[in-house]
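> Take a look at the following structure, please.
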Amino acid sequence: MTEELIIAGFGGQGVLSMGKILAYSGVMQDYEVSWMPSYGPEMRGGTANVTVMISDKPISSPIAHEFDTAIILNQQSMDKFESQVKKGGILIYDTNGITRHPSRTDIRIYTIDATEEAARLGNPRLFNTLILGAYLKVRPVVTLESTYKGLKKSLPERAHKTLPQNEEAIRHGGEIIRERA
Amino acid sequence: MKGNEVIAEAAVRYGCDGYFGYPITPQSEVMESLMEMKPWETTGMVVVQAESEVASINMVYGGAACGKRVMTSSSSPGISLMCEGISYIAGASLPCLIVNVQRGGPGLGTIQPSQSDYFQATKGGGHGDYHLIALAPNSVQEMYDFVGLGFDLAFKYRVPAMMLADGVIGQMMEKVVLDDPRPRRTDEQIEQECGDWALTGKKKERQRHVITSLELDPYAQEVVNEKLQATYRLIEANEVRYQTTATEDADYLLVAYGSSARICAKVVEMAREAGYKVGLLRPITLWPFPGKPIAELAGQVKGILSVELNSGQMIEDVRLAVNGRVPVEHYGRMGGVVYSPGEVFEALKEKIINKTK
Amino acid sequence: MAEFEVEIKPENLVYGTPKLITDRIMHYCPGCSHGTIHKLVAEVIEEMGLAEKTIGVSPVGCSVFAYNYIDIDWVQAAHGRAAAVATAVKRLYPEKMVFTYQGDGDLAAIGTGESIHACNRGENIVVIYINNAIYGMTGGQMAPTTLLGMKTATTPYGRDPKLHGYPYKIADMMAHLDGVCYITRQSVHTPVNVRKAKKALRKAFENAMAGKGLSLVEFVATCNSGWKQSPVASNRWMEENMLPFYPLGDIKDI
């Protein structure tokens, strides 16, 4: 099993930390992982992306040009990464703020209204864990149990009180993801 | 762990005595992690945020003069500022560790990954005839391991060692196996190990120790130079490190180090799947350079592609080793752009395989 | 003619070379202030019993070879970087006595940054600063401390502020920094001044050992070769021209 995933969106959406939770979750299941972020000023409001690889074999290149899955959270990222999903791969996106929807027909496309759902739940910070849960529903590369452990590991001690809400959001994310017809 | 964070962890666990640095992207996490760890409360390690890279390398010089295990880290523009100090450290035969998490240049350049400081790391960088032992990690694990290896080699030969990493390895997270922490050396141990040269305070029974790189008499300076060169020859004889992948039956060879070697490992897999016998030689020490094994492989393969995130620097050493026996070409991206394995595979086909059929 | 023998009895000895001054013949020009200041440094180290604990940092400039004359462990720093080098030595060996010995080119021109920031961090070191208003070693060029109108190899028509800026008192600037506990300006051109200077040096060394912060002892000094005057004339010129601009005395003492 090898999963090459890119998560891309705005800085501040929790793109890097979502990748981090996933990488730690992979470690919990004894997989090889790599987490390679874009970095620099884009961390502070521009576009940010992170490549996460999870595999049962050693990972050679942490850099890829084509991905098994792309999670896309803004228009710029859609424009850049839609074409980089492997044939037969998966594209997951939040419809909020997307004006040009993906047009490929050789990949599976899913949507999740996580911005709206997080707002409805009254906590915009659950945005990225909702998406993570949605992703794991369609690509269960790690178990939910490992994910909860990975989540705990990636959060600083002082944020551990938010664990139950985030675990619930991961679970709930799996319920609200929809395959686009 | 993240590559940069692992440097901090390794330094403390190795029993490093002092870190002196100045923030610069993409390696600022090294000092941030150390300040967070507060090693002065546990191992007694000193951590100082200096006012510039110039100051930090001179602090390293001062610490190294005391026989202490001291280090700094920076990225390309910061290393340029340090080059004067590095030359002094080499000239005074002092051991230390310098980490360069490279970014694109020249000038302020970009903050994205690059390997364009190969010449600087392997051919000197500063003024005068000197070398650094240059180690190129290709994983977060090796960033951890090479802190210890760098210090060991630096003290074994009393030369500065440089870990030449890049923004990819520095910023990425991977699994790392940590070893047991070692205590810092006591003053008695330093006296034992470095007592014939280090500044420990002049005891009545010994001559004063003077750490300097100055000789006004050219003949005396030449003796210093000859001694340095003898050390470099010894290092070349003993410390060449490299790794080969699928070279036994290879028709074509990739030579790459650091993050490029990771990407090329994937290219080897892709090429083999496509029916091409491609192998990879990864220099681990960039200086001393593994010229001999490359020369040996030149007798077997039809062509060699040197792959680097620059305009072609290591290729000069590869060509020197190959000495014209087979075609050697370069493939690179510059400015902080990182090639994908597919891109490198295409270049390998175009520049080597199709031309040497 | 009567023959006689000179007998030196220890009880009659009133003066001698400090034990820490080596037998090496000094390369300094006759009349230069460095020799006297070296002697004072050696005496203070000796009298405080710090010979085995002291590490000196020598600069680039005429006093680069200070390590040849005082019999302690030394490290020779790159031009201007002595304070950074000393910072590391002191941090790594907090129980040691660490001092730098720097000229005005080294400390107040190329090394301004390192010097100011060592002050600002309050490093427990002593900075000995020799201000003779000129670059001695490289052949008498303008220093940042060169007085207005003063002729040097690079100000052959005299220092003109429009071309070369103004002389500045870096010691006074440093006095504003919280990490600094003691700043004084001394000279060694008369026996009285030599005695005062020694007291100041001793106080600075005591401060460093007590961990009170950084102490800086500036010496207004002569460079008769650079100034192209006899030693005696240099002393007079210094009194008449240097001291009005660089007045002697404590600038900060807490």
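Each chain of the structure tokens is named A, B, ... in the order shown, its residues numbered from 1; ligands are numbered from 1 in display order.
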Would you kindly return, as a PDB file with N, CA, C and O atoms, in the first residue's frame, each protein, DNA or RNA residue with an atom no farther than 8 Å from any atom of region 71-82 of chain C, considering only C-alpha atoms and excluding same-chain residues fewer than 3 positions away?

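Just written: around-v9.pdb:
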```
ATOM      1  N   ALA B  55      28.792  36.870  13.742  1.00  0.00           N
ATOM      2  CA  ALA B  55      29.045  36.675  15.163  1.00  0.00           C
ATOM      3  C   ALA B  55      28.910  35.199  15.525  1.00  0.00           C
ATOM      4  O   ALA B  55      29.734  34.661  16.270  1.00  0.00           O
ATOM      5  N   ASN B  58      31.923  33.166  14.683  1.00  0.00           N
ATOM      6  CA  ASN B  58      33.066  33.508  15.522  1.00  0.00           C
ATOM      7  C   ASN B  58      32.882  33.018  16.948  1.00  0.00           C
ATOM      8  O   ASN B  58      33.858  32.754  17.655  1.00  0.00           O
ATOM      9  N   GLY B  62      35.436  30.559  18.895  1.00  0.00           N
ATOM     10  CA  GLY B  62      35.851  30.673  20.295  1.00  0.00           C
ATOM     11  C   GLY B  62      35.580  29.402  21.078  1.00  0.00           C
ATOM     12  O   GLY B  62      36.433  28.931  21.833  1.00  0.00           O
ATOM     13  N   ALA B  65      37.908  26.643  20.047  1.00  0.00           N
ATOM     14  CA  ALA B  65      39.252  26.884  20.585  1.00  0.00           C
ATOM     15  C   ALA B  65      39.377  26.325  21.996  1.00  0.00           C
ATOM     16  O   ALA B  65      40.473  25.989  22.443  1.00  0.00           O
ATOM     17  N   GLY B  85      34.851  33.241   8.825  1.00  0.00           N
ATOM     18  CA  GLY B  85      35.070  32.531  10.088  1.00  0.00           C
ATOM     19  C   GLY B  85      35.417  31.069   9.874  1.00  0.00           C
ATOM     20  O   GLY B  85      36.265  30.516  10.578  1.00  0.00           O
ATOM     21  N   TYR B  88      39.005  30.778   9.077  1.00  0.00           N
ATOM     22  CA  TYR B  88      39.825  30.902  10.293  1.00  0.00           C
ATOM     23  C   TYR B  88      39.809  29.601  11.092  1.00  0.00           C
ATOM     24  O   TYR B  88      40.828  29.177  11.634  1.00  0.00           O
ATOM     25  N   LEU B 199      42.281  25.679  24.684  1.00  0.00           N
ATOM     26  CA  LEU B 199      42.402  26.692  25.722  1.00  0.00           C
ATOM     27  C   LEU B 199      41.673  26.186  26.961  1.00  0.00           C
ATOM     28  O   LEU B 199      40.455  26.110  26.981  1.00  0.00           O
ATOM     29  N   THR B 200      42.429  25.837  27.962  1.00  0.00           N
ATOM     30  CA  THR B 200      41.792  25.375  29.199  1.00  0.00           C
ATOM     31  C   THR B 200      42.317  26.176  30.381  1.00  0.00           C
ATOM     32  O   THR B 200      42.021  25.865  31.524  1.00  0.00           O
ATOM     33  N   GLY B 201      43.076  27.205  30.105  1.00  0.00           N
ATOM     34  CA  GLY B 201      43.752  27.954  31.174  1.00  0.00           C
ATOM     35  C   GLY B 201      45.161  27.399  31.318  1.00  0.00           C
ATOM     36  O   GLY B 201      45.343  26.189  31.470  1.00  0.00           O
ATOM     37  N   LYS B 202      46.171  28.278  31.245  1.00  0.00           N
ATOM     38  CA  LYS B 202      47.556  27.810  31.230  1.00  0.00           C
ATOM     39  C   LYS B 202      48.001  27.342  32.603  1.00  0.00           C
ATOM     40  O   LYS B 202      48.047  28.105  33.551  1.00  0.00           O
ATOM     41  N   ARG B 208      51.973  27.911  27.122  1.00  0.00           N
ATOM     42  CA  ARG B 208      50.667  28.505  26.837  1.00  0.00           C
ATOM     43  C   ARG B 208      50.165  28.010  25.477  1.00  0.00           C
ATOM     44  O   ARG B 208      50.960  27.724  24.578  1.00  0.00           O
ATOM     45  N   HIS B 209      48.857  27.885  25.384  1.00  0.00           N
ATOM     46  CA  HIS B 209      48.244  27.499  24.113  1.00  0.00           C
ATOM     47  C   HIS B 209      47.750  28.744  23.395  1.00  0.00           C
ATOM     48  O   HIS B 209      47.092  29.586  23.991  1.00  0.00           O
ATOM     49  N   VAL B 210      48.097  28.829  22.138  1.00  0.00           N
ATOM     50  CA  VAL B 210      47.643  29.963  21.334  1.00  0.00           C
ATOM     51  C   VAL B 210      46.926  29.407  20.113  1.00  0.00           C
ATOM     52  O   VAL B 210      47.492  28.626  19.355  1.00  0.00           O
ATOM     53  N   ILE B 211      45.665  29.780  19.975  1.00  0.00           N
ATOM     54  CA  ILE B 211      44.904  29.380  18.790  1.00  0.00           C
ATOM     55  C   ILE B 211      44.967  30.541  17.811  1.00  0.00           C
ATOM     56  O   ILE B 211      44.460  31.627  18.086  1.00  0.00           O
ATOM     57  N   THR B 212      45.598  30.309  16.684  1.00  0.00           N
ATOM     58  CA  THR B 212      45.728  31.381  15.696  1.00  0.00           C
ATOM     59  C   THR B 212      45.878  30.772  14.312  1.00  0.00           C
ATOM     60  O   THR B 212      46.239  29.608  14.170  1.00  0.00           O
ATOM     61  N   SER B 213      45.587  31.575  13.301  1.00  0.00           N
ATOM     62  CA  SER B 213      45.830  31.112  11.937  1.00  0.00           C
ATOM     63  C   SER B 213      46.837  32.047  11.273  1.00  0.00           C
ATOM     64  O   SER B 213      46.908  32.124  10.063  1.00  0.00           O
TER      65      SER B 213
ATOM     66  N   LEU C  20      54.352  37.233  34.245  1.00  0.00           N
ATOM     67  CA  LEU C  20      53.591  36.751  33.090  1.00  0.00           C
ATOM     68  C   LEU C  20      54.038  37.381  31.775  1.00  0.00           C
ATOM     69  O   LEU C  20      53.570  36.998  30.710  1.00  0.00           O
ATOM     70  N   ILE C  21      54.919  38.372  31.852  1.00  0.00           N
ATOM     71  CA  ILE C  21      55.441  38.942  30.598  1.00  0.00           C
ATOM     72  C   ILE C  21      56.570  38.035  30.117  1.00  0.00           C
ATOM     73  O   ILE C  21      57.502  37.724  30.858  1.00  0.00           O
ATOM     74  N   THR C  22      56.469  37.577  28.879  1.00  0.00           N
ATOM     75  CA  THR C  22      57.448  36.626  28.350  1.00  0.00           C
ATOM     76  C   THR C  22      58.751  37.346  27.979  1.00  0.00           C
ATOM     77  O   THR C  22      58.798  38.570  27.934  1.00  0.00           O
ATOM     78  N   ALA C  51      46.205  33.573  36.634  1.00  0.00           N
ATOM     79  CA  ALA C  51      46.997  33.160  35.466  1.00  0.00           C
ATOM     80  C   ALA C  51      46.488  31.858  34.849  1.00  0.00           C
ATOM     81  O   ALA C  51      46.434  31.720  33.626  1.00  0.00           O
ATOM     82  N   GLU C  52      46.081  30.919  35.670  1.00  0.00           N
ATOM     83  CA  GLU C  52      45.642  29.619  35.131  1.00  0.00           C
ATOM     84  C   GLU C  52      44.191  29.654  34.678  1.00  0.00           C
ATOM     85  O   GLU C  52      43.672  28.674  34.156  1.00  0.00           O
ATOM     86  N   THR C  54      42.802  32.521  33.063  1.00  0.00           N
ATOM     87  CA  THR C  54      42.510  33.610  32.133  1.00  0.00           C
ATOM     88  C   THR C  54      42.730  33.185  30.692  1.00  0.00           C
ATOM     89  O   THR C  54      43.713  32.533  30.368  1.00  0.00           O
ATOM     90  N   ILE C  55      41.783  33.556  29.857  1.00  0.00           N
ATOM     91  CA  ILE C  55      41.927  33.342  28.416  1.00  0.00           C
ATOM     92  C   ILE C  55      41.763  34.697  27.735  1.00  0.00           C
ATOM     93  O   ILE C  55      40.773  35.402  27.941  1.00  0.00           O
ATOM     94  N   GLY C  56      42.794  35.056  26.961  1.00  0.00           N
ATOM     95  CA  GLY C  56      42.773  36.344  26.273  1.00  0.00           C
ATOM     96  C   GLY C  56      42.345  36.167  24.823  1.00  0.00           C
ATOM     97  O   GLY C  56      42.590  35.125  24.218  1.00  0.00           O
ATOM     98  N   VAL C  57      41.703  37.180  24.294  1.00  0.00           N
ATOM     99  CA  VAL C  57      41.341  37.166  22.878  1.00  0.00           C
ATOM    100  C   VAL C  57      42.051  38.338  22.218  1.00  0.00           C
ATOM    101  O   VAL C  57      41.809  39.499  22.560  1.00  0.00           O
ATOM    102  N   SER C  58      42.958  38.022  21.286  1.00  0.00           N
ATOM    103  CA  SER C  58      43.710  39.093  20.636  1.00  0.00           C
ATOM    104  C   SER C  58      43.041  39.452  19.317  1.00  0.00           C
ATOM    105  O   SER C  58      42.331  38.640  18.730  1.00  0.00           O
ATOM    106  N   PRO C  59      43.229  40.666  18.843  1.00  0.00           N
ATOM    107  CA  PRO C  59      42.488  41.179  17.694  1.00  0.00           C
ATOM    108  C   PRO C  59      43.310  41.067  16.425  1.00  0.00           C
ATOM    109  O   PRO C  59      44.345  40.403  16.393  1.00  0.00           O
ATOM    110  N   VAL C  60      42.854  41.732  15.387  1.00  0.00           N
ATOM    111  CA  VAL C  60      43.712  42.018  14.249  1.00  0.00           C
ATOM    112  C   VAL C  60      44.069  43.496  14.351  1.00  0.00           C
ATOM    113  O   VAL C  60      43.212  44.332  14.591  1.00  0.00           O
ATOM    114  N   GLY C  61      45.325  43.777  14.195  1.00  0.00           N
ATOM    115  CA  GLY C  61      45.857  45.122  14.422  1.00  0.00           C
ATOM    116  C   GLY C  61      47.239  44.937  15.002  1.00  0.00           C
ATOM    117  O   GLY C  61      47.769  43.820  15.034  1.00  0.00           O
ATOM    118  N   VAL C  64      47.803  42.149  17.508  1.00  0.00           N
ATOM    119  CA  VAL C  64      47.475  40.768  17.120  1.00  0.00           C
ATOM    120  C   VAL C  64      48.389  39.776  17.844  1.00  0.00           C
ATOM    121  O   VAL C  64      47.994  38.681  18.204  1.00  0.00           O
ATOM    122  N   TYR C  67      49.506  37.681  22.131  1.00  0.00           N
ATOM    123  CA  TYR C  67      49.698  36.320  22.657  1.00  0.00           C
ATOM    124  C   TYR C  67      51.162  35.917  22.776  1.00  0.00           C
ATOM    125  O   TYR C  67      51.495  34.939  23.427  1.00  0.00           O
ATOM    126  N   ASN C  68      52.031  36.686  22.128  1.00  0.00           N
ATOM    127  CA  ASN C  68      53.457  36.378  22.274  1.00  0.00           C
ATOM    128  C   ASN C  68      54.042  36.941  23.562  1.00  0.00           C
ATOM    129  O   ASN C  68      55.151  36.587  23.943  1.00  0.00           O
ATOM    130  N   VAL C  85      33.956  35.971  19.895  1.00  0.00           N
ATOM    131  CA  VAL C  85      34.792  34.842  20.306  1.00  0.00           C
ATOM    132  C   VAL C  85      34.802  34.743  21.838  1.00  0.00           C
ATOM    133  O   VAL C  85      34.599  33.677  22.420  1.00  0.00           O
ATOM    134  N   ALA C  86      34.985  35.898  22.483  1.00  0.00           N
ATOM    135  CA  ALA C  86      35.041  35.923  23.948  1.00  0.00           C
ATOM    136  C   ALA C  86      33.710  35.481  24.563  1.00  0.00           C
ATOM    137  O   ALA C  86      33.674  34.816  25.599  1.00  0.00           O
ATOM    138  N   THR C 100      39.068  40.652  26.033  1.00  0.00           N
ATOM    139  CA  THR C 100      39.532  40.936  24.676  1.00  0.00           C
ATOM    140  C   THR C 100      40.460  42.135  24.756  1.00  0.00           C
ATOM    141  O   THR C 100      40.368  42.946  25.675  1.00  0.00           O
ATOM    142  N   TYR C 101      41.346  42.229  23.806  1.00  0.00           N
ATOM    143  CA  TYR C 101      42.296  43.340  23.726  1.00  0.00           C
ATOM    144  C   TYR C 101      42.202  43.840  22.295  1.00  0.00           C
ATOM    145  O   TYR C 101      42.594  43.136  21.367  1.00  0.00           O
ATOM    146  N   GLN C 102      41.616  45.012  22.085  1.00  0.00           N
ATOM    147  CA  GLN C 102      41.302  45.448  20.723  1.00  0.00           C
ATOM    148  C   GLN C 102      41.659  46.903  20.477  1.00  0.00           C
ATOM    149  O   GLN C 102      41.534  47.740  21.376  1.00  0.00           O
ATOM    150  N   GLY C 105      40.278  50.411  15.379  1.00  0.00           N
ATOM    151  CA  GLY C 105      39.787  49.893  14.104  1.00  0.00           C
ATOM    152  C   GLY C 105      39.012  48.614  14.321  1.00  0.00           C
ATOM    153  O   GLY C 105      37.916  48.422  13.800  1.00  0.00           O
ATOM    154  N   ASP C 106      39.576  47.740  15.145  1.00  0.00           N
ATOM    155  CA  ASP C 106      38.973  46.435  15.401  1.00  0.00           C
ATOM    156  C   ASP C 106      37.637  46.574  16.127  1.00  0.00           C
ATOM    157  O   ASP C 106      36.634  45.987  15.747  1.00  0.00           O
ATOM    158  N   LEU C 107      37.627  47.380  17.185  1.00  0.00           N
ATOM    159  CA  LEU C 107      36.436  47.463  18.025  1.00  0.00           C
ATOM    160  C   LEU C 107      35.403  48.442  17.486  1.00  0.00           C
ATOM    161  O   LEU C 107      34.210  48.158  17.481  1.00  0.00           O
ATOM    162  N   ALA C 109      35.293  50.077  14.368  1.00  0.00           N
ATOM    163  CA  ALA C 109      34.926  50.114  12.953  1.00  0.00           C
ATOM    164  C   ALA C 109      34.351  48.759  12.571  1.00  0.00           C
ATOM    165  O   ALA C 109      33.160  48.520  12.694  1.00  0.00           O
ATOM    166  N   ILE C 110      35.232  47.831  12.200  1.00  0.00           N
ATOM    167  CA  ILE C 110      34.739  46.556  11.651  1.00  0.00           C
ATOM    168  C   ILE C 110      34.006  45.720  12.697  1.00  0.00           C
ATOM    169  O   ILE C 110      33.140  44.928  12.369  1.00  0.00           O
ATOM    170  N   GLY C 111      34.329  45.901  13.968  1.00  0.00           N
ATOM    171  CA  GLY C 111      33.729  45.053  15.005  1.00  0.00           C
ATOM    172  C   GLY C 111      32.645  45.737  15.821  1.00  0.00           C
ATOM    173  O   GLY C 111      32.283  45.260  16.897  1.00  0.00           O
ATOM    174  N   THR C 112      32.110  46.853  15.310  1.00  0.00           N
ATOM    175  CA  THR C 112      31.101  47.588  16.082  1.00  0.00           C
ATOM    176  C   THR C 112      29.944  46.692  16.494  1.00  0.00           C
ATOM    177  O   THR C 112      29.515  46.691  17.648  1.00  0.00           O
ATOM    178  N   GLU C 114      29.651  43.316  16.804  1.00  0.00           N
ATOM    179  CA  GLU C 114      29.978  42.306  17.807  1.00  0.00           C
ATOM    180  C   GLU C 114      30.190  42.954  19.169  1.00  0.00           C
ATOM    181  O   GLU C 114      29.768  42.422  20.199  1.00  0.00           O
ATOM    182  N   SER C 115      30.856  44.131  19.168  1.00  0.00           N
ATOM    183  CA  SER C 115      31.173  44.784  20.434  1.00  0.00           C
ATOM    184  C   SER C 115      29.896  45.258  21.130  1.00  0.00           C
ATOM    185  O   SER C 115      29.681  45.007  22.312  1.00  0.00           O
TER     186      SER C 115
END
```
> Residues near Ser83 (chain A), anyone? I mean within 10 Å using only C-alpha atoms, not counting same-chain ones fewer than 5 positions away, as a list in words.
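Here the qualifying residues turn out to be His65, Glu66, Phe67, Met78, Pro102, Ser103 and Arg104 of chain A.
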> Run DSSP on the backbone of this structure and report the residues of region 3-62 of chain B it assigns to strand (DSSP E or B), as an MDAnalysis selection string.
chainID B and resid 18:21 46:49
> Among region 137-266 of chain B, which ones does DSSP place in alpha helix (DSSP H), written as an mmCIF file with C-alpha atoms, in the first residue's frame?

```cif
data_model
loop_
_atom_site.group_PDB
_atom_site.id
_atom_site.type_symbol
_atom_site.label_atom_id
_atom_site.label_comp_id
_atom_site.auth_asym_id
_atom_site.auth_seq_id
_atom_site.Cartn_x
_atom_site.Cartn_y
_atom_site.Cartn_z
ATOM 1 C CA VAL B 140 15.601 13.065 8.389
ATOM 2 C CA GLN B 141 17.243 10.048 10.015
ATOM 3 C CA GLU B 142 20.561 10.979 8.436
ATOM 4 C CA MET B 143 20.173 14.585 9.572
ATOM 5 C CA TYR B 144 20.050 13.114 13.040
ATOM 6 C CA ASP B 145 22.901 10.655 12.512
ATOM 7 C CA PHE B 146 25.237 13.116 10.825
ATOM 8 C CA VAL B 147 25.301 15.473 13.786
ATOM 9 C CA GLY B 148 27.178 12.802 15.718
ATOM 10 C CA LEU B 149 29.180 11.651 12.702
ATOM 11 C CA GLY B 150 30.085 15.252 11.882
ATOM 12 C CA PHE B 151 31.396 15.905 15.384
ATOM 13 C CA ASP B 152 33.255 12.567 15.461
ATOM 14 C CA LEU B 153 35.037 13.262 12.182
ATOM 15 C CA ALA B 154 35.698 16.903 13.046
ATOM 16 C CA PHE B 155 37.410 15.950 16.291
ATOM 17 C CA LYS B 156 39.221 12.973 14.783
ATOM 18 C CA TYR B 157 40.981 15.220 12.253
ATOM 19 C CA GLY B 167 15.135 22.777 2.264
ATOM 20 C CA VAL B 168 13.452 19.473 1.353
ATOM 21 C CA ILE B 169 15.188 17.416 4.021
ATOM 22 C CA GLY B 170 15.109 20.267 6.525
ATOM 23 C CA GLN B 171 11.388 20.872 6.228
ATOM 24 C CA ASP B 187 36.499 19.341 31.712
ATOM 25 C CA GLU B 188 38.822 16.439 32.620
ATOM 26 C CA GLN B 189 37.792 14.523 29.494
ATOM 27 C CA ILE B 190 38.348 17.605 27.342
ATOM 28 C CA GLU B 191 41.757 18.022 28.963
ATOM 29 C CA GLN B 192 42.497 14.396 28.104
ATOM 30 C CA GLU B 193 41.232 14.561 24.538
ATOM 31 C CA CYS B 194 42.289 18.080 23.524
ATOM 32 C CA PRO B 218 55.866 32.496 4.551
ATOM 33 C CA TYR B 219 58.033 29.447 5.214
ATOM 34 C CA ALA B 220 56.356 28.887 8.562
ATOM 35 C CA GLN B 221 52.959 29.356 6.898
ATOM 36 C CA GLU B 222 53.906 26.822 4.254
ATOM 37 C CA VAL B 223 54.609 24.282 6.978
ATOM 38 C CA VAL B 224 51.127 24.955 8.374
ATOM 39 C CA ASN B 225 49.672 24.464 4.897
ATOM 40 C CA GLU B 226 51.559 21.223 4.384
ATOM 41 C CA LYS B 227 50.261 19.908 7.668
ATOM 42 C CA LEU B 228 46.707 20.789 6.693
ATOM 43 C CA GLN B 229 47.130 19.153 3.305
ATOM 44 C CA ALA B 230 48.503 15.996 4.921
ATOM 45 C CA THR B 231 45.371 15.851 7.063
ATOM 46 C CA TYR B 232 43.200 16.288 3.971
ATOM 47 C CA ARG B 233 45.012 13.422 2.203
ATOM 48 C CA LEU B 234 44.381 11.246 5.246
ATOM 49 C CA ILE B 235 40.698 12.129 5.221
ATOM 50 C CA GLU B 236 40.500 11.347 1.500
ATOM 51 C CA ALA B 237 42.065 7.964 2.151
ATOM 52 C CA ASN B 238 39.850 7.043 5.105
ATOM 53 C CA GLY B 258 20.721 14.639 -0.567
ATOM 54 C CA SER B 259 17.077 15.090 -1.541
ATOM 55 C CA SER B 260 18.003 14.579 -5.195
ATOM 56 C CA ALA B 261 19.203 11.094 -4.320
ATOM 57 C CA ARG B 262 15.770 10.327 -2.868
ATOM 58 C CA ILE B 263 14.112 11.497 -6.053
ATOM 59 C CA CYS B 264 16.626 9.485 -8.112
ATOM 60 C CA ALA B 265 15.914 6.353 -6.068
ATOM 61 C CA LYS B 266 12.364 6.638 -7.357
#
```
> Contacts of Ile79 (chain B) at 12 Å or less, counting only C-alpha atoms, minus same-chain residues fewer than 5 places along, as a PDB file with C-alpha atoms, in the first residue's frame?

```pdb
ATOM      1  CA  GLY B  21      23.015  30.797  15.517  1.00  0.00           C
ATOM      2  CA  TYR B  22      21.010  33.435  13.759  1.00  0.00           C
ATOM      3  CA  PRO B  23      17.522  32.921  12.282  1.00  0.00           C
ATOM      4  CA  ILE B  24      17.168  32.284   8.561  1.00  0.00           C
ATOM      5  CA  GLN B  27      16.299  26.302   9.103  1.00  0.00           C
ATOM      6  CA  SER B  52      24.496  37.911  12.956  1.00  0.00           C
ATOM      7  CA  GLU B  53      25.912  34.882  11.210  1.00  0.00           C
ATOM      8  CA  VAL B  54      29.286  36.616  11.390  1.00  0.00           C
ATOM      9  CA  ALA B  55      29.045  36.675  15.163  1.00  0.00           C
ATOM     10  CA  SER B  56      27.701  33.137  15.422  1.00  0.00           C
ATOM     11  CA  ILE B  57      30.546  31.570  13.441  1.00  0.00           C
ATOM     12  CA  THR B  72      25.948  26.472  14.207  1.00  0.00           C
ATOM     13  CA  SER B  73      23.343  26.154  11.506  1.00  0.00           C
ATOM     14  CA  SER B  74      22.222  28.470   8.758  1.00  0.00           C
ATOM     15  CA  GLU B  84      35.498  34.145   6.691  1.00  0.00           C
ATOM     16  CA  GLY B  85      35.070  32.531  10.088  1.00  0.00           C
ATOM     17  CA  ILE B  86      35.073  29.041   8.606  1.00  0.00           C
ATOM     18  CA  SER B  87      38.383  29.815   6.927  1.00  0.00           C
ATOM     19  CA  ILE B  98      28.232  23.718  10.573  1.00  0.00           C
ATOM     20  CA  VAL B  99      24.817  22.836   9.157  1.00  0.00           C
ATOM     21  CA  ASN B 100      23.728  24.393   5.865  1.00  0.00           C
ATOM     22  CA  VAL B 101      20.071  23.856   4.971  1.00  0.00           C
ATOM     23  CA  GLN B 102      20.447  25.169   1.438  1.00  0.00           C
ATOM     24  CA  ARG B 103      18.051  27.462  -0.379  1.00  0.00           C
ATOM     25  CA  GLY B 105      20.603  31.700  -4.784  1.00  0.00           C
ATOM     26  CA  GLY B 107      21.979  36.723  -3.537  1.00  0.00           C
ATOM     27  CA  LEU B 108      18.927  36.600  -1.353  1.00  0.00           C
ATOM     28  CA  ASP B 117      26.174  25.575  -2.511  1.00  0.00           C
ATOM     29  CA  GLN B 120      31.063  26.492  -1.616  1.00  0.00           C
ATOM     30  CA  ALA B 121      30.961  23.411   0.604  1.00  0.00           C
ATOM     31  CA  GLY B 124      36.446  25.964   0.174  1.00  0.00           C
ATOM     32  CA  GLY B 125      33.950  28.808   0.257  1.00  0.00           C
ATOM     33  CA  GLY B 126      36.197  31.100   2.223  1.00  0.00           C
ATOM     34  CA  MET B 162      29.645  20.684   7.333  1.00  0.00           C
ATOM     35  CA  MET B 163      26.301  18.991   6.986  1.00  0.00           C
ATOM     36  CA  LEU B 164      25.044  20.084   3.578  1.00  0.00           C
TER      37      LEU B 164
END
```
> Using only C-alpha atoms, find the one residue out of C:Ala197, C:Leu216, C:Met150, C:Ile254 that sits nearest to Ala133 (chain C).
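When distances to Ala133 (chain C) are compared using only C-alpha atoms, the smallest one comes from C:Met150.
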